[in-house]
Amino acid sequence: MNRLSIYDNQRTGKLIFLAIGIAAIVTVMLISNNLVKALAQQERERMNIWAQATERLAKADADADFEFLLSIIEQNNSIPVLVADSDFNILEYRNFHLPDTRDEAEPGFEQLSERNRNYLLKRLKSPGGDTPLHVMATRDPHFIEVVIYENTRQYIYYEDSILLRRLAWYPYVQLGVMIVLLFVIYFAVIYTKRAEQNRVWVGLSKETAHQLGTPISSLMAWTQYLELTGADKEVTSEIDKDVKRLSVIADRFSKIGSIPELQLEYLNDVVENSLDYMKNRISGKVTINMHLDEDDHGVRLSRPLFEWVMENLTKNAVDAMDGEGRIDITTGADKNIAYIEVADTGKGIARKNFKTVFNPGYTTKKRGWGLGLTLVKRIIEDYHGGRIFVKSSEPGQGTVFRIELPIL
């Protein structure tokens with residue numbers, strides 16, 4: 001399995017985690033909504049029974065079971081209820097939290113303060129303003145018409161109980177809690193994964209630097225020996241350059257995991273120096289053009305690490321062009337930001353992969369670990385306080401990477 005397939009599997013795992021989370025949220029929402037609807041239906045049925053008891057009590061003769069009917073009416077101690085006649089005269093009310101608390105517990109309507117009377121009348125008229133109550137009874141399920149006598153009607157208006165109103169909000173509260181929980185779990189997993197990756201990075205880098213130390217020392221000794229034996233100076237000079245480059249690489253690896261020392265450097269100078277080495281070690285069919293700003297901007301850099309960044313981007317561009325094409329390096333400044341743009345004429349990157357190219361393991365090459373751009377991003381953003389991103393790219397036409405750094 002190649003690195004791109006591994007990355008695709010990781011992305012698929014994230015999508016599966018997201019799908020499971022959404023499915024769990026939807027399931028809980030549906031169950032909660034069904035419970036709320038069931039409770040609302042139960043309250044509707046209770047109010048219908050309450051209305052029937054009221055109607056029978058009004059029509060009751062001497063043989064009626066008054067205690068039973070009254071017990072039904074008295075059992076409602078949670079649902080807010082108003083009983084009114086056709087002229088909006090409130091005959092009875094129950095279970096309302098009145099704004100003026102100076103009134104005694106549920107006195108007669110006429111004994112209420114003006115503020116409380118207005119409050120109850122507003123609740124009764126709020127659904128339809130001055131619409132007749134017999135009309136509201138046909139439109140609004142919260143109104144129930146009660147026939148007292150042939151030409152006498154009373155109307156029962158009720159609201160959802162406090163419990164039902166709280167349950168109605170419960171699914172949304174639960175949804176918010178579950179979303180927050182999913183985010184916490186997700187970011188905890190990401191943080192743990194990144195922490196583990198950092199430990200692997202540091203360990204691998206330190207071990208690489210350690211392992212390179214012995215052969216580099218040996219190669220230095222062999223270079224000196226060749227010079228003493230009269231070997232071609234041009235050959236030994238090039239060998240010496242490569243050995244020194246290996247020493248620089250080992251030093252770069254040793255700096256991973258520790259905070260590098262940043263010094264004032266001039267951008268054009270660092271870019272030119274890093275590319276001088278690469279020019280003689282890439283395909284002759286690749287042309288490197290440098291468009292350096294006349295003003296050489298000062299920035300705080302770790303020169304060895306930043307040269308590593310430029311070499312990685314250059315090598316990445318060469319690989320994208322299959323060893324044939326043009327690379328344009330441009331420097332400049334925009335307000336307090338200095339920038340370097342590396343443009344190639346290679347295969348290009350699909351827009352959906354503009355960010356994922358910097359993820360560990362992402363690569364389109366048959367060989368390679370997909371760590372080059374990840375390392376570049378780490379050096380620029382974590383160590384230099386800058387940022388790197390794909391400025392533009394078109395499949396088959398090329399890519400432009402842009403590095404931004406704060407100017408001193």
# chains A, B, ... in the order shown; residues from 1 in each chain; ligands from 1
>>> residues_around(residues="Ile156 (chain A)", least_positions_apart="6", cutoff="9 Å", atoms="only C-alpha atoms", output="PyMOL selection string")
chain A and resi 47+51+81-85+137+142-146
>>> closest_residue(among="A:Leu375, A:Met278, A:Ala40, A:Met290", to="Arg165 (chain A)", atoms="only C-alpha atoms")
A:Ala40
>>> closest_residue(among="A:Ile327, A:Lys279, A:Ser247, A:Lys206", to="Ser218 (chain A)", atoms="only C-alpha atoms")
A:Ser247
>>> select_by_dssp(residues="region 111-163 of chain A", states="alpha helix (DSSP H)", output="PyMOL selection string")
chain A and resi 114-125+133-139+162-163
>>> write_last_selection(atoms="N, CA and C atoms", output="PDB file, in the first residue's frame")
ATOM      1  N   GLU A 114     -54.622  44.531  38.518  1.00  0.00           N
ATOM      2  CA  GLU A 114     -54.846  44.884  37.097  1.00  0.00           C
ATOM      3  C   GLU A 114     -53.752  44.297  36.211  1.00  0.00           C
ATOM      4  N   ARG A 115     -52.544  44.292  36.717  1.00  0.00           N
ATOM      5  CA  ARG A 115     -51.423  43.745  35.940  1.00  0.00           C
ATOM      6  C   ARG A 115     -51.635  42.267  35.628  1.00  0.00           C
ATOM      7  N   ASN A 116     -52.082  41.500  36.626  1.00  0.00           N
ATOM      8  CA  ASN A 116     -52.303  40.066  36.427  1.00  0.00           C
ATOM      9  C   ASN A 116     -53.499  39.807  35.517  1.00  0.00           C
ATOM     10  N   ARG A 117     -54.569  40.631  35.664  1.00  0.00           N
ATOM     11  CA  ARG A 117     -55.728  40.450  34.788  1.00  0.00           C
ATOM     12  C   ARG A 117     -55.359  40.702  33.327  1.00  0.00           C
ATOM     13  N   ASN A 118     -54.612  41.758  33.108  1.00  0.00           N
ATOM     14  CA  ASN A 118     -54.174  42.061  31.735  1.00  0.00           C
ATOM     15  C   ASN A 118     -53.280  40.949  31.175  1.00  0.00           C
ATOM     16  N   TYR A 119     -52.456  40.409  32.047  1.00  0.00           N
ATOM     17  CA  TYR A 119     -51.562  39.319  31.628  1.00  0.00           C
ATOM     18  C   TYR A 119     -52.365  38.113  31.146  1.00  0.00           C
ATOM     19  N   LEU A 120     -53.397  37.701  31.922  1.00  0.00           N
ATOM     20  CA  LEU A 120     -54.203  36.537  31.542  1.00  0.00           C
ATOM     21  C   LEU A 120     -55.040  36.812  30.300  1.00  0.00           C
ATOM     22  N   LEU A 121     -55.599  38.018  30.194  1.00  0.00           N
ATOM     23  CA  LEU A 121     -56.370  38.365  28.996  1.00  0.00           C
ATOM     24  C   LEU A 121     -55.499  38.355  27.744  1.00  0.00           C
ATOM     25  N   LYS A 122     -54.270  38.810  27.902  1.00  0.00           N
ATOM     26  CA  LYS A 122     -53.354  38.794  26.766  1.00  0.00           C
ATOM     27  C   LYS A 122     -53.049  37.371  26.334  1.00  0.00           C
ATOM     28  N   ARG A 123     -52.881  36.472  27.296  1.00  0.00           N
ATOM     29  CA  ARG A 123     -52.621  35.071  26.956  1.00  0.00           C
ATOM     30  C   ARG A 123     -53.816  34.470  26.239  1.00  0.00           C
ATOM     31  N   LEU A 124     -55.004  34.852  26.652  1.00  0.00           N
ATOM     32  CA  LEU A 124     -56.206  34.306  26.033  1.00  0.00           C
ATOM     33  C   LEU A 124     -56.378  34.823  24.611  1.00  0.00           C
ATOM     34  N   LYS A 125     -55.996  36.085  24.379  1.00  0.00           N
ATOM     35  CA  LYS A 125     -56.214  36.696  23.067  1.00  0.00           C
ATOM     36  C   LYS A 125     -54.983  36.611  22.160  1.00  0.00           C
ATOM     37  N   LEU A 133     -63.838  33.521  20.043  1.00  0.00           N
ATOM     38  CA  LEU A 133     -63.323  32.272  20.603  1.00  0.00           C
ATOM     39  C   LEU A 133     -63.876  31.046  19.871  1.00  0.00           C
ATOM     40  N   HIS A 134     -65.104  31.120  19.383  1.00  0.00           N
ATOM     41  CA  HIS A 134     -65.641  29.956  18.676  1.00  0.00           C
ATOM     42  C   HIS A 134     -64.911  29.739  17.351  1.00  0.00           C
ATOM     43  N   VAL A 135     -64.371  30.811  16.799  1.00  0.00           N
ATOM     44  CA  VAL A 135     -63.548  30.670  15.591  1.00  0.00           C
ATOM     45  C   VAL A 135     -62.190  30.084  15.953  1.00  0.00           C
ATOM     46  N   MET A 136     -61.601  30.583  17.061  1.00  0.00           N
ATOM     47  CA  MET A 136     -60.303  30.067  17.491  1.00  0.00           C
ATOM     48  C   MET A 136     -60.377  28.582  17.821  1.00  0.00           C
ATOM     49  N   ALA A 137     -61.549  28.125  18.332  1.00  0.00           N
ATOM     50  CA  ALA A 137     -61.698  26.715  18.691  1.00  0.00           C
ATOM     51  C   ALA A 137     -61.614  25.806  17.475  1.00  0.00           C
ATOM     52  N   THR A 138     -61.864  26.359  16.284  1.00  0.00           N
ATOM     53  CA  THR A 138     -61.776  25.557  15.049  1.00  0.00           C
ATOM     54  C   THR A 138     -60.387  25.652  14.411  1.00  0.00           C
ATOM     55  N   ARG A 139     -59.584  26.610  14.875  1.00  0.00           N
ATOM     56  CA  ARG A 139     -58.269  26.835  14.247  1.00  0.00           C
ATOM     57  C   ARG A 139     -57.106  26.366  15.119  1.00  0.00           C
ATOM     58  N   ILE A 162     -44.899  23.233  32.027  1.00  0.00           N
ATOM     59  CA  ILE A 162     -43.478  23.570  32.159  1.00  0.00           C
ATOM     60  C   ILE A 162     -42.609  22.383  31.772  1.00  0.00           C
ATOM     61  N   LEU A 163     -43.020  21.186  32.190  1.00  0.00           N
ATOM     62  CA  LEU A 163     -42.251  19.985  31.857  1.00  0.00           C
ATOM     63  C   LEU A 163     -42.167  19.790  30.355  1.00  0.00           C
TER      64      LEU A 163
END
>>> closest_residue(among="A:Thr330, A:Gln174, A:Asn312, A:Gln397", to="Lys377 (chain A)", atoms="only C-alpha atoms")
A:Asn312
>>> closest_residue(among="A:Asn268, A:Thr374, A:Asn280, A:Thr214", to="Ile340 (chain A)", atoms="only C-alpha atoms")
A:Asn268
>>> residues_around(residues="region 23-25 of chain A", least_positions_apart="5", cutoff="9 Å", atoms="only C-alpha atoms", output="PyMOL selection string")
chain A and resi 18+30+174-175+178-179
>>> write_last_selection(atoms="C-alpha atoms", output="compact mmCIF listing (two decimals), in the first residue's frame")
# COMPACT_ATOMS: atom_id res chain seq x y z
CA LEU A 18 -18.11 12.02 11.44
CA LEU A 30 -35.66 11.72 16.61
CA GLN A 174 -28.69 17.63 23.98
CA LEU A 175 -27.68 18.35 20.40
CA MET A 178 -23.25 16.14 21.79
CA ILE A 179 -21.71 18.45 19.20
>>> residues_around(residues="Gln211 (chain A)", least_positions_apart="3", cutoff="12 Å", atoms="only C-alpha atoms", output="PyMOL selection string")
chain A and resi 204-208+214-217+246-247+249-251+253-254
>>> write_last_selection(atoms="N, CA and C atoms", output="compact mmCIF listing (two decimals), in the first residue's frame")
# COMPACT_ATOMS: atom_id res chain seq x y z
N LEU A 204 13.13 10.21 15.40
CA LEU A 204 13.70 9.84 14.10
C LEU A 204 14.79 10.81 13.68
N SER A 205 14.56 12.09 13.90
CA SER A 205 15.54 13.11 13.50
C SER A 205 16.83 12.98 14.30
N LYS A 206 16.69 12.84 15.61
CA LYS A 206 17.88 12.72 16.45
C LYS A 206 18.69 11.46 16.09
N GLU A 207 17.96 10.37 15.87
CA GLU A 207 18.65 9.12 15.52
C GLU A 207 19.34 9.23 14.17
N THR A 208 18.68 9.91 13.20
CA THR A 208 19.29 10.10 11.88
C THR A 208 20.57 10.92 11.99
N THR A 214 29.01 9.24 12.18
CA THR A 214 30.19 8.38 11.98
C THR A 214 30.66 8.35 10.52
N PRO A 215 29.76 8.06 9.54
CA PRO A 215 30.24 8.04 8.14
C PRO A 215 30.71 9.41 7.66
N ILE A 216 30.16 10.50 8.17
CA ILE A 216 30.61 11.82 7.75
C ILE A 216 32.04 12.06 8.22
N SER A 217 32.29 11.69 9.46
CA SER A 217 33.66 11.84 9.97
C SER A 217 34.64 11.02 9.15
N LEU A 246 26.50 17.05 3.81
CA LEU A 246 26.00 16.01 4.71
C LEU A 246 26.08 16.46 6.18
N SER A 247 27.15 17.17 6.49
CA SER A 247 27.28 17.69 7.86
C SER A 247 26.17 18.69 8.17
N ILE A 249 23.21 18.70 6.75
CA ILE A 249 21.97 17.93 6.85
C ILE A 249 21.86 17.28 8.23
N ALA A 250 22.96 16.71 8.69
CA ALA A 250 22.96 16.10 10.03
C ALA A 250 22.65 17.14 11.09
N ASP A 251 23.22 18.34 10.92
CA ASP A 251 22.96 19.42 11.87
C ASP A 251 21.49 19.83 11.84
N PHE A 253 18.90 17.89 11.08
CA PHE A 253 18.13 16.86 11.76
C PHE A 253 18.27 16.97 13.28
N SER A 254 19.46 17.35 13.72
CA SER A 254 19.68 17.45 15.17
C SER A 254 18.88 18.61 15.78
>>> residues_around(residues="Asn316 (chain A)", least_positions_apart="6", cutoff="10 Å", atoms="only C-alpha atoms", output="ChimeraX atom specification")
/A:310,322,344,346,372-373
>>> residues_around(residues="region 332-335 of chain A", least_positions_apart="5", cutoff="10 Å", atoms="only C-alpha atoms", output="PyMOL selection string")
chain A and resi 267-268+291-297+340-341+404-407
>>> write_last_selection(atoms="N, CA and C atoms", output="compact mmCIF listing (two decimals), in the first residue's frame")
# COMPACT_ATOMS: atom_id res chain seq x y z
N LEU A 267 16.87 38.05 3.15
CA LEU A 267 16.14 37.01 2.44
C LEU A 267 16.80 36.64 1.12
N ASN A 268 17.14 37.63 0.30
CA ASN A 268 17.73 37.32 -1.01
C ASN A 268 19.01 36.52 -0.87
N HIS A 291 13.88 35.88 -9.39
CA HIS A 291 13.39 37.25 -9.53
C HIS A 291 13.40 37.86 -8.12
N LEU A 292 14.55 38.42 -7.76
CA LEU A 292 14.75 38.90 -6.40
C LEU A 292 14.41 40.38 -6.29
N ASP A 293 13.70 40.73 -5.23
CA ASP A 293 13.32 42.11 -4.99
C ASP A 293 14.56 42.96 -4.78
N GLU A 294 14.53 44.19 -5.27
CA GLU A 294 15.68 45.08 -5.12
C GLU A 294 15.98 45.37 -3.65
N ASP A 295 14.94 45.40 -2.84
CA ASP A 295 15.13 45.64 -1.40
C ASP A 295 15.28 44.28 -0.71
N ASP A 296 16.48 43.99 -0.22
CA ASP A 296 16.73 42.71 0.46
C ASP A 296 16.23 42.82 1.91
N HIS A 297 15.09 42.21 2.18
CA HIS A 297 14.41 42.40 3.46
C HIS A 297 15.06 41.57 4.56
N ILE A 340 8.32 34.61 -0.33
CA ILE A 340 9.06 33.89 -1.37
C ILE A 340 8.04 33.01 -2.09
N GLU A 341 8.03 33.08 -3.41
CA GLU A 341 7.15 32.23 -4.20
C GLU A 341 7.99 31.31 -5.07
N GLU A 404 5.44 33.13 3.66
CA GLU A 404 5.33 34.47 4.20
C GLU A 404 6.02 34.52 5.57
N LEU A 405 6.84 35.57 5.78
CA LEU A 405 7.58 35.73 7.03
C LEU A 405 7.47 37.18 7.49
N PRO A 406 7.40 37.39 8.81
CA PRO A 406 7.33 38.77 9.30
C PRO A 406 8.66 39.49 9.10
N ILE A 407 8.56 40.76 8.65
CA ILE A 407 9.75 41.58 8.44
C ILE A 407 10.13 42.26 9.76
